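Asker: Provided below: final.tsv, containing TSV, N, CA and C atoms and all ligand atoms.
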```
chain	number	residue	atom	x	y	z
A	921	MET	N	0.82	-1.20	0.00
A	921	MET	CA	0.00	0.00	0.00
A	921	MET	C	0.86	1.26	0.00
A	922	ALA	N	1.96	1.22	0.74
A	922	ALA	CA	2.79	2.41	0.87
A	922	ALA	C	3.51	2.72	-0.44
A	923	ARG	N	3.41	3.95	-0.84
A	923	ARG	CA	4.15	4.40	-2.00
A	923	ARG	C	5.36	5.19	-1.50
A	924	ILE	N	6.48	4.99	-2.14
A	924	ILE	CA	7.70	5.71	-1.76
A	924	ILE	C	8.04	6.71	-2.86
A	925	PRO	N	8.08	7.99	-2.52
A	925	PRO	CA	8.42	8.97	-3.55
A	925	PRO	C	9.84	8.80	-4.06
A	926	GLU	N	10.00	8.98	-5.35
A	926	GLU	CA	11.32	8.94	-5.97
A	926	GLU	C	12.09	10.22	-5.63
A	927	TYR	N	11.35	11.29	-5.52
A	927	TYR	CA	11.96	12.57	-5.19
A	927	TYR	C	10.99	13.34	-4.32
A	928	LYS	N	11.52	13.94	-3.27
A	928	LYS	CA	10.66	14.71	-2.39
A	928	LYS	C	11.45	15.87	-1.81
A	929	LYS	N	10.95	17.07	-2.02
A	929	LYS	CA	11.61	18.23	-1.43
A	929	LYS	C	10.56	19.23	-0.99
A	930	LEU	N	10.64	19.59	0.28
A	930	LEU	CA	9.73	20.59	0.82
A	930	LEU	C	10.56	21.76	1.31
A	931	ILE	N	10.21	22.96	0.89
A	931	ILE	CA	10.91	24.16	1.36
A	931	ILE	C	9.92	25.03	2.13
A	932	ASN	N	10.25	25.31	3.38
A	932	ASN	CA	9.42	26.16	4.26
A	932	ASN	C	7.96	25.69	4.33
A	933	THR	N	7.78	24.39	4.19
A	933	THR	CA	6.44	23.82	4.08
A	933	THR	C	6.41	22.47	4.78
A	934	ARG	N	5.28	22.13	5.37
A	934	ARG	CA	5.11	20.80	5.95
A	934	ARG	C	3.92	20.11	5.32
A	935	LEU	N	4.02	18.80	5.29
A	935	LEU	CA	2.97	17.96	4.73
A	935	LEU	C	2.48	17.05	5.86
A	936	ALA	N	1.16	16.87	5.98
A	936	ALA	CA	0.61	16.08	7.07
A	936	ALA	C	1.07	14.62	7.01
A	937	ASN	N	1.27	14.12	5.81
A	937	ASN	CA	1.73	12.76	5.66
A	937	ASN	C	2.95	12.75	4.75
A	938	THR	N	3.51	11.57	4.51
A	938	THR	CA	4.72	11.47	3.69
A	938	THR	C	4.53	12.07	2.31
A	939	TYR	N	3.39	11.82	1.72
A	939	TYR	CA	3.20	12.24	0.33
A	939	TYR	C	1.81	12.77	0.05
A	940	GLY	N	1.14	13.24	1.09
A	940	GLY	CA	-0.17	13.82	0.84
A	940	GLY	C	-0.78	14.37	2.11
A	941	GLY	N	-2.03	14.74	1.99
A	941	GLY	CA	-2.74	15.30	3.13
A	941	GLY	C	-2.63	16.81	3.13
A	942	TRP	N	-2.90	17.40	4.29
A	942	TRP	CA	-2.87	18.84	4.39
A	942	TRP	C	-1.47	19.37	4.18
A	943	ILE	N	-1.40	20.53	3.54
A	943	ILE	CA	-0.13	21.21	3.29
A	943	ILE	C	-0.11	22.45	4.17
A	944	TYR	N	0.95	22.60	4.96
A	944	TYR	CA	1.03	23.72	5.89
A	944	TYR	C	2.19	24.65	5.56
A	945	CYS	N	1.96	25.93	5.67
A	945	CYS	CA	3.02	26.94	5.57
A	945	CYS	C	3.83	26.91	6.86
A	946	ASP	N	5.16	26.87	6.76
A	946	ASP	CA	6.02	26.86	7.93
A	946	ASP	C	6.08	28.22	8.62
A	947	GLY	N	5.75	29.27	7.87
A	947	GLY	CA	5.82	30.61	8.44
A	947	GLY	C	4.73	30.88	9.46
A	948	CYS	N	3.50	30.49	9.14
A	948	CYS	CA	2.36	30.82	10.00
A	948	CYS	C	1.59	29.58	10.45
A	949	ASN	N	2.03	28.40	9.99
A	949	ASN	CA	1.37	27.13	10.34
A	949	ASN	C	-0.06	27.00	9.83
A	950	LYS	N	-0.43	27.88	8.91
A	950	LYS	CA	-1.77	27.76	8.34
A	950	LYS	C	-1.79	26.73	7.22
A	951	THR	N	-2.97	26.19	7.00
A	951	THR	CA	-3.16	25.26	5.89
A	951	THR	C	-3.20	26.04	4.59
A	952	ILE	N	-2.45	25.60	3.63
A	952	ILE	CA	-2.51	26.27	2.33
A	952	ILE	C	-3.11	25.39	1.25
A	953	GLY	N	-3.30	24.12	1.58
A	953	GLY	CA	-3.90	23.24	0.60
A	953	GLY	C	-3.98	21.81	1.08
A	954	TYR	N	-4.45	20.97	0.20
A	954	TYR	CA	-4.58	19.56	0.50
A	954	TYR	C	-4.20	18.76	-0.74
A	955	LEU	N	-3.34	17.80	-0.55
A	955	LEU	CA	-2.90	16.97	-1.68
A	955	LEU	C	-3.46	15.56	-1.51
A	956	CYS	N	-4.16	15.09	-2.52
A	956	CYS	CA	-4.71	13.73	-2.47
A	956	CYS	C	-3.56	12.71	-2.58
A	957	TYR	N	-3.71	11.62	-1.89
A	957	TYR	CA	-2.58	10.70	-1.71
A	957	TYR	C	-2.23	9.87	-2.94
A	958	VAL	N	-3.21	9.34	-3.60
A	958	VAL	CA	-2.93	8.26	-4.54
A	958	VAL	C	-3.20	8.59	-6.00
A	959	THR	N	-3.67	9.79	-6.28
A	959	THR	CA	-4.11	10.08	-7.64
A	959	THR	C	-3.06	10.78	-8.50
A	960	TYR	N	-1.94	11.15	-7.91
A	960	TYR	CA	-0.91	11.85	-8.69
A	960	TYR	C	0.41	11.07	-8.67
A	961	ASP	N	1.25	11.35	-9.66
A	961	ASP	CA	2.63	10.85	-9.68
A	961	ASP	C	3.62	11.99	-9.61
A	962	PHE	N	3.12	13.19	-9.85
A	962	PHE	CA	4.00	14.35	-9.91
A	962	PHE	C	3.27	15.56	-9.36
A	963	PHE	N	3.90	16.26	-8.45
A	963	PHE	CA	3.29	17.47	-7.92
A	963	PHE	C	4.38	18.48	-7.61
A	964	ARG	N	4.21	19.68	-8.10
A	964	ARG	CA	5.14	20.75	-7.77
A	964	ARG	C	4.34	22.03	-7.54
A	965	LEU	N	4.51	22.57	-6.37
A	965	LEU	CA	3.81	23.80	-5.97
A	965	LEU	C	4.83	24.82	-5.51
A	966	VAL	N	4.71	26.03	-6.00
A	966	VAL	CA	5.53	27.15	-5.53
A	966	VAL	C	4.56	28.25	-5.12
A	967	TYR	N	4.74	28.79	-3.93
A	967	TYR	CA	3.76	29.77	-3.47
A	967	TYR	C	4.39	30.84	-2.59
A	968	GLN	N	3.66	31.93	-2.47
A	968	GLN	CA	3.96	32.90	-1.43
A	968	GLN	C	2.72	33.03	-0.56
A	969	CYS	N	2.91	32.76	0.72
A	969	CYS	CA	1.82	32.80	1.67
A	969	CYS	C	1.51	34.25	2.05
A	970	LYS	N	0.29	34.48	2.53
A	970	LYS	CA	-0.10	35.80	3.02
A	970	LYS	C	0.81	36.30	4.14
A	971	CYS	N	1.44	35.38	4.88
A	971	CYS	CA	2.34	35.77	5.98
A	971	CYS	C	3.70	36.23	5.48
A	972	GLY	N	3.96	36.09	4.18
A	972	GLY	CA	5.23	36.53	3.62
A	972	GLY	C	6.17	35.39	3.31
A	973	ASN	N	5.90	34.22	3.88
A	973	ASN	CA	6.74	33.05	3.63
A	973	ASN	C	6.62	32.58	2.18
A	974	CYS	N	7.76	32.28	1.58
A	974	CYS	CA	7.77	31.65	0.26
A	974	CYS	C	8.14	30.19	0.44
A	975	GLY	N	7.37	29.31	-0.14
A	975	GLY	CA	7.65	27.89	0.03
A	975	GLY	C	7.36	27.11	-1.21
A	976	SER	N	7.79	25.85	-1.16
A	976	SER	CA	7.50	24.98	-2.30
A	976	SER	C	7.40	23.52	-1.88
A	977	VAL	N	6.72	22.77	-2.69
A	977	VAL	CA	6.55	21.33	-2.51
A	977	VAL	C	6.88	20.68	-3.85
A	978	HIS	N	7.70	19.66	-3.81
A	978	HIS	CA	8.02	18.94	-5.04
A	978	HIS	C	8.03	17.45	-4.72
A	979	LEU	N	7.14	16.72	-5.34
A	979	LEU	CA	7.03	15.29	-5.10
A	979	LEU	C	6.91	14.56	-6.43
A	980	VAL	N	7.72	13.53	-6.57
A	980	VAL	CA	7.70	12.77	-7.82
A	980	VAL	C	7.71	11.28	-7.51
A	981	PHE	N	6.79	10.56	-8.11
A	981	PHE	CA	6.79	9.10	-7.97
A	981	PHE	C	7.37	8.40	-9.20
A	982	SER	N	7.11	8.95	-10.35
A	982	SER	CA	7.73	8.39	-11.56
A	982	SER	C	8.30	9.55	-12.35
A	983	GLY	N	9.60	9.73	-12.22
A	983	GLY	CA	10.26	10.91	-12.74
A	983	GLY	C	10.28	11.00	-14.25
A	984	GLU	N	10.73	9.95	-14.89
A	984	GLU	CA	10.92	10.01	-16.33
A	984	GLU	C	9.80	9.25	-17.02
A	985	ASN	N	8.71	9.88	-17.15
A	985	ASN	CA	7.60	9.23	-17.83
A	985	ASN	C	7.37	9.91	-19.17
A	986	THR	N	7.88	9.31	-20.20
A	986	THR	CA	7.90	9.97	-21.50
A	986	THR	C	6.52	9.99	-22.17
A	987	ASP	N	5.64	9.12	-21.70
A	987	ASP	CA	4.31	9.05	-22.31
A	987	ASP	C	3.38	10.15	-21.78
A	988	GLN	N	3.88	10.91	-20.84
A	988	GLN	CA	3.03	11.90	-20.21
A	988	GLN	C	2.54	12.96	-21.19
A	989	ILE	N	1.28	13.28	-21.10
A	989	ILE	CA	0.67	14.27	-21.98
A	989	ILE	C	0.51	15.56	-21.19
A	990	SER	N	0.89	16.68	-21.78
A	990	SER	CA	0.62	17.97	-21.16
A	990	SER	C	-0.70	18.50	-21.69
A	991	SER	N	-1.55	18.90	-20.80
A	991	SER	CA	-2.85	19.40	-21.22
A	991	SER	C	-2.97	20.89	-20.97
A	992	GLU	N	-3.64	21.56	-21.87
A	992	GLU	CA	-3.92	22.99	-21.70
A	992	GLU	C	-5.21	23.19	-20.90
A	993	GLN	N	-5.90	22.10	-20.67
A	993	GLN	CA	-7.17	22.21	-19.96
A	993	GLN	C	-6.96	22.59	-18.49
A	994	SER	N	-7.99	23.14	-17.91
A	994	SER	CA	-7.94	23.47	-16.49
A	994	SER	C	-8.54	22.33	-15.68
A	995	LEU	N	-8.08	22.21	-14.46
A	995	LEU	CA	-8.70	21.26	-13.55
A	995	LEU	C	-10.11	21.75	-13.23
A	996	ILE	N	-10.98	20.82	-12.94
A	996	ILE	CA	-12.34	21.20	-12.59
A	996	ILE	C	-12.56	21.04	-11.09
A	997	THR	N	-13.40	21.88	-10.54
A	997	THR	CA	-13.63	21.84	-9.10
A	997	THR	C	-14.86	21.00	-8.79
A	998	ILE	N	-14.65	19.96	-7.99
A	998	ILE	CA	-15.77	19.15	-7.50
A	998	ILE	C	-15.64	19.07	-5.98
A	999	LYS	N	-16.63	19.56	-5.27
A	999	LYS	CA	-16.62	19.56	-3.80
A	999	LYS	C	-15.31	20.11	-3.23
A	1000	ASN	N	-14.92	21.29	-3.65
A	1000	ASN	CA	-13.72	21.97	-3.15
A	1000	ASN	C	-12.41	21.31	-3.55
A	1001	ARG	N	-12.48	20.26	-4.37
A	1001	ARG	CA	-11.27	19.57	-4.78
A	1001	ARG	C	-11.06	19.82	-6.27
A	1002	LEU	N	-9.81	20.17	-6.64
A	1002	LEU	CA	-9.50	20.29	-8.06
A	1002	LEU	C	-9.31	18.90	-8.63
A	1003	CYS	N	-10.03	18.61	-9.71
A	1003	CYS	CA	-10.06	17.25	-10.25
A	1003	CYS	C	-9.66	17.25	-11.72
A	1004	CYS	N	-9.18	16.09	-12.16
A	1004	CYS	CA	-8.85	15.88	-13.57
A	1004	CYS	C	-10.12	16.00	-14.40
A	1005	PRO	N	-10.11	16.82	-15.46
A	1005	PRO	CA	-11.32	16.98	-16.28
A	1005	PRO	C	-11.65	15.72	-17.09
A	1006	GLU	N	-10.68	14.83	-17.29
A	1006	GLU	CA	-10.92	13.62	-18.09
A	1006	GLU	C	-11.67	12.55	-17.31
A	1007	ASP	N	-11.14	12.22	-16.14
A	1007	ASP	CA	-11.70	11.08	-15.39
A	1007	ASP	C	-12.19	11.46	-14.00
A	1008	LYS	N	-12.18	12.76	-13.71
A	1008	LYS	CA	-12.71	13.28	-12.44
A	1008	LYS	C	-11.92	12.82	-11.21
A	1009	SER	N	-10.69	12.37	-11.40
A	1009	SER	CA	-9.87	12.00	-10.25
A	1009	SER	C	-9.62	13.23	-9.39
A	1010	PRO	N	-9.88	13.16	-8.10
A	1010	PRO	CA	-9.57	14.29	-7.23
A	1010	PRO	C	-8.06	14.41	-7.04
A	1011	LEU	N	-7.52	15.60	-7.20
A	1011	LEU	CA	-6.06	15.75	-7.16
A	1011	LEU	C	-5.58	16.61	-6.00
A	1012	VAL	N	-6.09	17.82	-5.93
A	1012	VAL	CA	-5.50	18.76	-4.98
A	1012	VAL	C	-6.49	19.87	-4.65
A	1013	THR	N	-6.31	20.47	-3.50
A	1013	THR	CA	-7.03	21.69	-3.15
A	1013	THR	C	-6.00	22.76	-2.83
A	1014	ILE	N	-6.18	23.94	-3.37
A	1014	ILE	CA	-5.30	25.07	-3.05
A	1014	ILE	C	-6.17	26.11	-2.34
A	1015	LEU	N	-5.78	26.49	-1.13
A	1015	LEU	CA	-6.57	27.48	-0.39
A	1015	LEU	C	-6.09	28.88	-0.77
A	1016	GLU	N	-6.66	29.35	-1.87
A	1016	GLU	CA	-6.25	30.63	-2.45
A	1016	GLU	C	-6.30	31.79	-1.46
A	1017	LYS	N	-7.27	31.76	-0.57
A	1017	LYS	CA	-7.44	32.89	0.35
A	1017	LYS	C	-6.26	33.05	1.30
A	1018	ASN	N	-5.48	31.99	1.50
A	1018	ASN	CA	-4.31	32.08	2.38
A	1018	ASN	C	-3.03	32.43	1.63
A	1019	LEU	N	-3.13	32.59	0.32
A	1019	LEU	CA	-1.93	32.77	-0.49
A	1019	LEU	C	-1.93	34.09	-1.25
A	1020	ASP	N	-0.75	34.68	-1.37
A	1020	ASP	CA	-0.59	35.87	-2.20
A	1020	ASP	C	-0.44	35.48	-3.66
A	1021	SER	N	0.33	34.44	-3.89
A	1021	SER	CA	0.52	33.96	-5.26
A	1021	SER	C	0.91	32.49	-5.21
A	1022	TYR	N	0.67	31.81	-6.31
A	1022	TYR	CA	1.07	30.40	-6.39
A	1022	TYR	C	1.05	29.94	-7.83
A	1023	LYS	N	1.78	28.89	-8.07
A	1023	LYS	CA	1.66	28.16	-9.32
A	1023	LYS	C	1.94	26.71	-9.03
A	1024	TYR	N	1.37	25.84	-9.81
A	1024	TYR	CA	1.62	24.42	-9.58
A	1024	TYR	C	1.48	23.61	-10.86
A	1025	GLU	N	2.09	22.46	-10.80
A	1025	GLU	CA	1.93	21.45	-11.85
A	1025	GLU	C	1.57	20.16	-11.15
A	1026	ILE	N	0.65	19.43	-11.71
A	1026	ILE	CA	0.28	18.15	-11.13
A	1026	ILE	C	-0.10	17.22	-12.26
A	1027	ASN	N	0.21	15.95	-12.10
A	1027	ASN	CA	-0.28	15.03	-13.12
A	1027	ASN	C	-1.33	14.12	-12.52
A	1028	CYS	N	-2.19	13.63	-13.37
A	1028	CYS	CA	-3.21	12.67	-12.97
A	1028	CYS	C	-2.68	11.28	-13.34
A	1029	LYS	N	-2.58	10.45	-12.32
A	1029	LYS	CA	-2.03	9.11	-12.50
A	1029	LYS	C	-2.91	8.25	-13.41
A	1030	ALA	N	-4.21	8.43	-13.29
A	1030	ALA	CA	-5.16	7.59	-14.04
A	1030	ALA	C	-5.01	7.76	-15.56
A	1031	CYS	N	-4.85	8.99	-16.02
A	1031	CYS	CA	-4.77	9.21	-17.47
A	1031	CYS	C	-3.41	9.76	-17.89
A	1032	ASN	N	-2.49	9.88	-16.92
A	1032	ASN	CA	-1.12	10.30	-17.19
A	1032	ASN	C	-1.04	11.65	-17.91
A	1033	THR	N	-1.88	12.55	-17.47
A	1033	THR	CA	-1.90	13.89	-18.06
A	1033	THR	C	-1.40	14.90	-17.03
A	1034	LYS	N	-0.62	15.84	-17.50
A	1034	LYS	CA	-0.09	16.87	-16.61
A	1034	LYS	C	-0.81	18.19	-16.81
A	1035	TYR	N	-1.19	18.81	-15.72
A	1035	TYR	CA	-1.88	20.10	-15.75
A	1035	TYR	C	-1.02	21.15	-15.07
A	1036	GLN	N	-1.09	22.36	-15.57
A	1036	GLN	CA	-0.29	23.45	-15.01
A	1036	GLN	C	-1.15	24.66	-14.74
A	1037	VAL	N	-0.88	25.29	-13.63
A	1037	VAL	CA	-1.52	26.56	-13.33
A	1037	VAL	C	-0.42	27.54	-12.96
A	1038	LYS	N	-0.34	28.65	-13.70
A	1038	LYS	CA	0.66	29.65	-13.35
A	1038	LYS	C	0.06	31.04	-13.29
B	1101	ZN	ZN	2.23	31.49	5.99
B	1102	ZN	ZN	-7.01	11.99	-15.32
```
Would you write out, as structure tokens, the structure that this file holds?
Ligand SMILES: [Zn+2]
Ligand SMILES: [Zn+2]
Answerer:
Amino acid sequence: MARIPEYKKLINTRLANTYGGWIYCDGCNKTIGYLCYVTYDFFRLVYQCKCGNCGSVHLVFSGENTDQISSEQSLITIKNRLCCPEDKSPLVTILEKNLDSYKYEINCKACNTKYQVK
């Protein structure tokens, strides 16, 4: 059941679990988002929190996946969760109200598509 990330780097940020769950800003300890555990293989978030802290999260389970498709589509929101528009896999929640700015990339494991928000 346990997945081991191939690459994991957190800067000024804490994660509730090894590779998912609530994402906390180290500056103010507020929640800035939620990462779903099993639906992604790649996640990279760079943000500036309202408290002034700049942080990032980078998690990779399969680094060199050449079949990956980049999509121009936006994630869709279902019950406060940003989801893959193809198969509705829940991926991530970003709590915009706690952030000054952010950008992220995430892929959906089910359809191997990568989405970007900048
Ligand atoms: Zn903060
Ligand atoms: Zn998908």
Asker: As an mmCIF file with N, CA and C atoms, in the frame of the given file, please: every protein or nucleic acid residue near ligand ZN 1102 (chain B) (cut-off 6 Å, counting all atoms listed in the file).
Answerer:
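Saved result, out_17.cif, follows:
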```cif
data_model
loop_
_atom_site.group_PDB
_atom_site.id
_atom_site.type_symbol
_atom_site.label_atom_id
_atom_site.label_comp_id
_atom_site.auth_asym_id
_atom_site.auth_seq_id
_atom_site.Cartn_x
_atom_site.Cartn_y
_atom_site.Cartn_z
ATOM 1 N N CYS A 1004 -9.180 16.090 -12.160
ATOM 2 C CA CYS A 1004 -8.850 15.880 -13.570
ATOM 3 C C CYS A 1004 -10.120 16.000 -14.400
ATOM 4 N N PRO A 1005 -10.110 16.820 -15.460
ATOM 5 C CA PRO A 1005 -11.320 16.980 -16.280
ATOM 6 C C PRO A 1005 -11.650 15.720 -17.090
ATOM 7 N N GLU A 1006 -10.680 14.830 -17.290
ATOM 8 C CA GLU A 1006 -10.920 13.620 -18.090
ATOM 9 C C GLU A 1006 -11.670 12.550 -17.310
ATOM 10 N N ASP A 1007 -11.140 12.220 -16.140
ATOM 11 C CA ASP A 1007 -11.700 11.080 -15.390
ATOM 12 C C ASP A 1007 -12.190 11.460 -14.000
ATOM 13 N N LYS A 1008 -12.180 12.760 -13.710
ATOM 14 C CA LYS A 1008 -12.710 13.280 -12.440
ATOM 15 C C LYS A 1008 -11.920 12.820 -11.210
ATOM 16 N N SER A 1009 -10.690 12.370 -11.400
ATOM 17 C CA SER A 1009 -9.870 12.000 -10.250
ATOM 18 C C SER A 1009 -9.620 13.230 -9.390
ATOM 19 N N CYS A 1028 -2.190 13.630 -13.370
ATOM 20 C CA CYS A 1028 -3.210 12.670 -12.970
ATOM 21 C C CYS A 1028 -2.680 11.280 -13.340
ATOM 22 N N LYS A 1029 -2.580 10.450 -12.320
ATOM 23 C CA LYS A 1029 -2.030 9.110 -12.500
ATOM 24 C C LYS A 1029 -2.910 8.250 -13.410
ATOM 25 N N ALA A 1030 -4.210 8.430 -13.290
ATOM 26 C CA ALA A 1030 -5.160 7.590 -14.040
ATOM 27 C C ALA A 1030 -5.010 7.760 -15.560
ATOM 28 N N CYS A 1031 -4.850 8.990 -16.020
ATOM 29 C CA CYS A 1031 -4.770 9.210 -17.470
ATOM 30 C C CYS A 1031 -3.410 9.760 -17.890
ATOM 31 N N ASN A 1032 -2.490 9.880 -16.920
ATOM 32 C CA ASN A 1032 -1.120 10.300 -17.190
ATOM 33 C C ASN A 1032 -1.040 11.650 -17.910
ATOM 34 N N THR A 1033 -1.880 12.550 -17.470
ATOM 35 C CA THR A 1033 -1.900 13.890 -18.060
ATOM 36 C C THR A 1033 -1.400 14.900 -17.030
#
```
Asker: Around ligand ZN 1101 (chain B), which protein and nucleic acid residues have at least one atom no more than 6 Å from it, if we count all atoms listed in the file? List them as a compact mmCIF listing (two decimals) with N, CA and C atoms, keeping the file's coordinate frame.
Answerer:
```
# COMPACT_ATOMS: atom_id res chain seq x y z
N CYS A 945 1.96 25.93 5.67
CA CYS A 945 3.02 26.94 5.57
C CYS A 945 3.83 26.91 6.86
N ASP A 946 5.16 26.87 6.76
CA ASP A 946 6.02 26.86 7.93
C ASP A 946 6.08 28.22 8.62
N GLY A 947 5.75 29.27 7.87
CA GLY A 947 5.82 30.61 8.44
C GLY A 947 4.73 30.88 9.46
N CYS A 948 3.50 30.49 9.14
CA CYS A 948 2.36 30.82 10.00
C CYS A 948 1.59 29.58 10.45
N ASN A 949 2.03 28.40 9.99
CA ASN A 949 1.37 27.13 10.34
C ASN A 949 -0.06 27.00 9.83
N LYS A 950 -0.43 27.88 8.91
CA LYS A 950 -1.77 27.76 8.34
C LYS A 950 -1.79 26.73 7.22
N CYS A 969 2.91 32.76 0.72
CA CYS A 969 1.82 32.80 1.67
C CYS A 969 1.51 34.25 2.05
N LYS A 970 0.29 34.48 2.53
CA LYS A 970 -0.10 35.80 3.02
C LYS A 970 0.81 36.30 4.14
N CYS A 971 1.44 35.38 4.88
CA CYS A 971 2.34 35.77 5.98
C CYS A 971 3.70 36.23 5.48
N GLY A 972 3.96 36.09 4.18
CA GLY A 972 5.23 36.53 3.62
C GLY A 972 6.17 35.39 3.31
N ASN A 973 5.90 34.22 3.88
CA ASN A 973 6.74 33.05 3.63
C ASN A 973 6.62 32.58 2.18
```
Asker: Which residue is closest to A:Ser994? Choose from A:Gln968, A:Ser976, A:Gln1036, A:Asn1018 and count only C-alpha atoms.
Answerer: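 Using only C-alpha atoms, the shortest distance to A:Ser994 belongs to A:Gln1036.
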Asker: Residues at most 8 Å from A:Thr933, counting only C-alpha atoms, excluding those fewer than 2 positions away in the same chain, as a ChimeraX atom specification?
Answerer: /A:930-931,935,943-946,975-977
Asker: With N, CA and C atoms retained, export the selected residues as a PDB file, in the coordinates of the input.
Answerer:
```
ATOM      1  N   LEU A 930      10.640  19.590   0.280  1.00  0.00           N
ATOM      2  CA  LEU A 930       9.730  20.590   0.820  1.00  0.00           C
ATOM      3  C   LEU A 930      10.560  21.760   1.310  1.00  0.00           C
ATOM      4  N   ILE A 931      10.210  22.960   0.890  1.00  0.00           N
ATOM      5  CA  ILE A 931      10.910  24.160   1.360  1.00  0.00           C
ATOM      6  C   ILE A 931       9.920  25.030   2.130  1.00  0.00           C
ATOM      7  N   LEU A 935       4.020  18.800   5.290  1.00  0.00           N
ATOM      8  CA  LEU A 935       2.970  17.960   4.730  1.00  0.00           C
ATOM      9  C   LEU A 935       2.480  17.050   5.860  1.00  0.00           C
ATOM     10  N   ILE A 943      -1.400  20.530   3.540  1.00  0.00           N
ATOM     11  CA  ILE A 943      -0.130  21.210   3.290  1.00  0.00           C
ATOM     12  C   ILE A 943      -0.110  22.450   4.170  1.00  0.00           C
ATOM     13  N   TYR A 944       0.950  22.600   4.960  1.00  0.00           N
ATOM     14  CA  TYR A 944       1.030  23.720   5.890  1.00  0.00           C
ATOM     15  C   TYR A 944       2.190  24.650   5.560  1.00  0.00           C
ATOM     16  N   CYS A 945       1.960  25.930   5.670  1.00  0.00           N
ATOM     17  CA  CYS A 945       3.020  26.940   5.570  1.00  0.00           C
ATOM     18  C   CYS A 945       3.830  26.910   6.860  1.00  0.00           C
ATOM     19  N   ASP A 946       5.160  26.870   6.760  1.00  0.00           N
ATOM     20  CA  ASP A 946       6.020  26.860   7.930  1.00  0.00           C
ATOM     21  C   ASP A 946       6.080  28.220   8.620  1.00  0.00           C
ATOM     22  N   GLY A 975       7.370  29.310  -0.140  1.00  0.00           N
ATOM     23  CA  GLY A 975       7.650  27.890   0.030  1.00  0.00           C
ATOM     24  C   GLY A 975       7.360  27.110  -1.210  1.00  0.00           C
ATOM     25  N   SER A 976       7.790  25.850  -1.160  1.00  0.00           N
ATOM     26  CA  SER A 976       7.500  24.980  -2.300  1.00  0.00           C
ATOM     27  C   SER A 976       7.400  23.520  -1.880  1.00  0.00           C
ATOM     28  N   VAL A 977       6.720  22.770  -2.690  1.00  0.00           N
ATOM     29  CA  VAL A 977       6.550  21.330  -2.510  1.00  0.00           C
ATOM     30  C   VAL A 977       6.880  20.680  -3.850  1.00  0.00           C
TER      31      VAL A 977
END
```
Asker: Please indicate the distance in Å from atom CA of A:Val958 to atom C of A:Leu1002, rounded to one decimal place.
Answerer: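 These two atoms are separated by 13.1 Å.
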Asker: Would you please work out which residue, of A:Ile1026, A:Val1037, A:Val980, A:Ile1014, is nearest to A:Ile924 when using only N, CA and C atoms?
Answerer: A:Val980
Asker: Take stretch 951-955 of chain A, bring it up to all heavy atoms, and give me the output as an mmCIF file, keeping the file's coordinate frame.
Answerer:
```cif
data_model
loop_
_atom_site.group_PDB
_atom_site.id
_atom_site.type_symbol
_atom_site.label_atom_id
_atom_site.label_comp_id
_atom_site.auth_asym_id
_atom_site.auth_seq_id
_atom_site.Cartn_x
_atom_site.Cartn_y
_atom_site.Cartn_z
ATOM 1 N N THR A 951 -2.970 26.190 7.000
ATOM 2 C CA THR A 951 -3.160 25.260 5.890
ATOM 3 C C THR A 951 -3.200 26.040 4.590
ATOM 4 O O THR A 951 -3.913 27.027 4.482
ATOM 5 C CB THR A 951 -4.509 24.540 6.067
ATOM 6 O OG1 THR A 951 -4.562 24.043 7.386
ATOM 7 C CG2 THR A 951 -4.641 23.408 5.088
ATOM 8 N N ILE A 952 -2.450 25.600 3.630
ATOM 9 C CA ILE A 952 -2.510 26.270 2.330
ATOM 10 C C ILE A 952 -3.110 25.390 1.250
ATOM 11 O O ILE A 952 -3.396 25.842 0.155
ATOM 12 C CB ILE A 952 -1.123 26.782 1.888
ATOM 13 C CG1 ILE A 952 -0.107 25.625 1.862
ATOM 14 C CG2 ILE A 952 -0.620 27.885 2.816
ATOM 15 C CD1 ILE A 952 1.024 25.904 0.917
ATOM 16 N N GLY A 953 -3.300 24.120 1.580
ATOM 17 C CA GLY A 953 -3.900 23.240 0.600
ATOM 18 C C GLY A 953 -3.980 21.810 1.080
ATOM 19 O O GLY A 953 -3.630 21.507 2.226
ATOM 20 N N TYR A 954 -4.450 20.970 0.200
ATOM 21 C CA TYR A 954 -4.580 19.560 0.500
ATOM 22 C C TYR A 954 -4.200 18.760 -0.740
ATOM 23 O O TYR A 954 -4.680 19.042 -1.845
ATOM 24 C CB TYR A 954 -6.026 19.219 0.896
ATOM 25 C CG TYR A 954 -6.213 17.774 1.275
ATOM 26 C CD1 TYR A 954 -6.064 17.362 2.601
ATOM 27 C CD2 TYR A 954 -6.528 16.815 0.313
ATOM 28 C CE1 TYR A 954 -6.217 16.035 2.953
ATOM 29 C CE2 TYR A 954 -6.678 15.482 0.656
ATOM 30 C CZ TYR A 954 -6.518 15.100 1.976
ATOM 31 O OH TYR A 954 -6.657 13.779 2.317
ATOM 32 N N LEU A 955 -3.340 17.800 -0.550
ATOM 33 C CA LEU A 955 -2.900 16.970 -1.680
ATOM 34 C C LEU A 955 -3.460 15.560 -1.510
ATOM 35 O O LEU A 955 -3.269 14.929 -0.469
ATOM 36 C CB LEU A 955 -1.362 16.941 -1.692
ATOM 37 C CG LEU A 955 -0.689 16.118 -2.792
ATOM 38 C CD1 LEU A 955 -1.037 16.652 -4.186
ATOM 39 C CD2 LEU A 955 0.833 16.122 -2.588
#
```
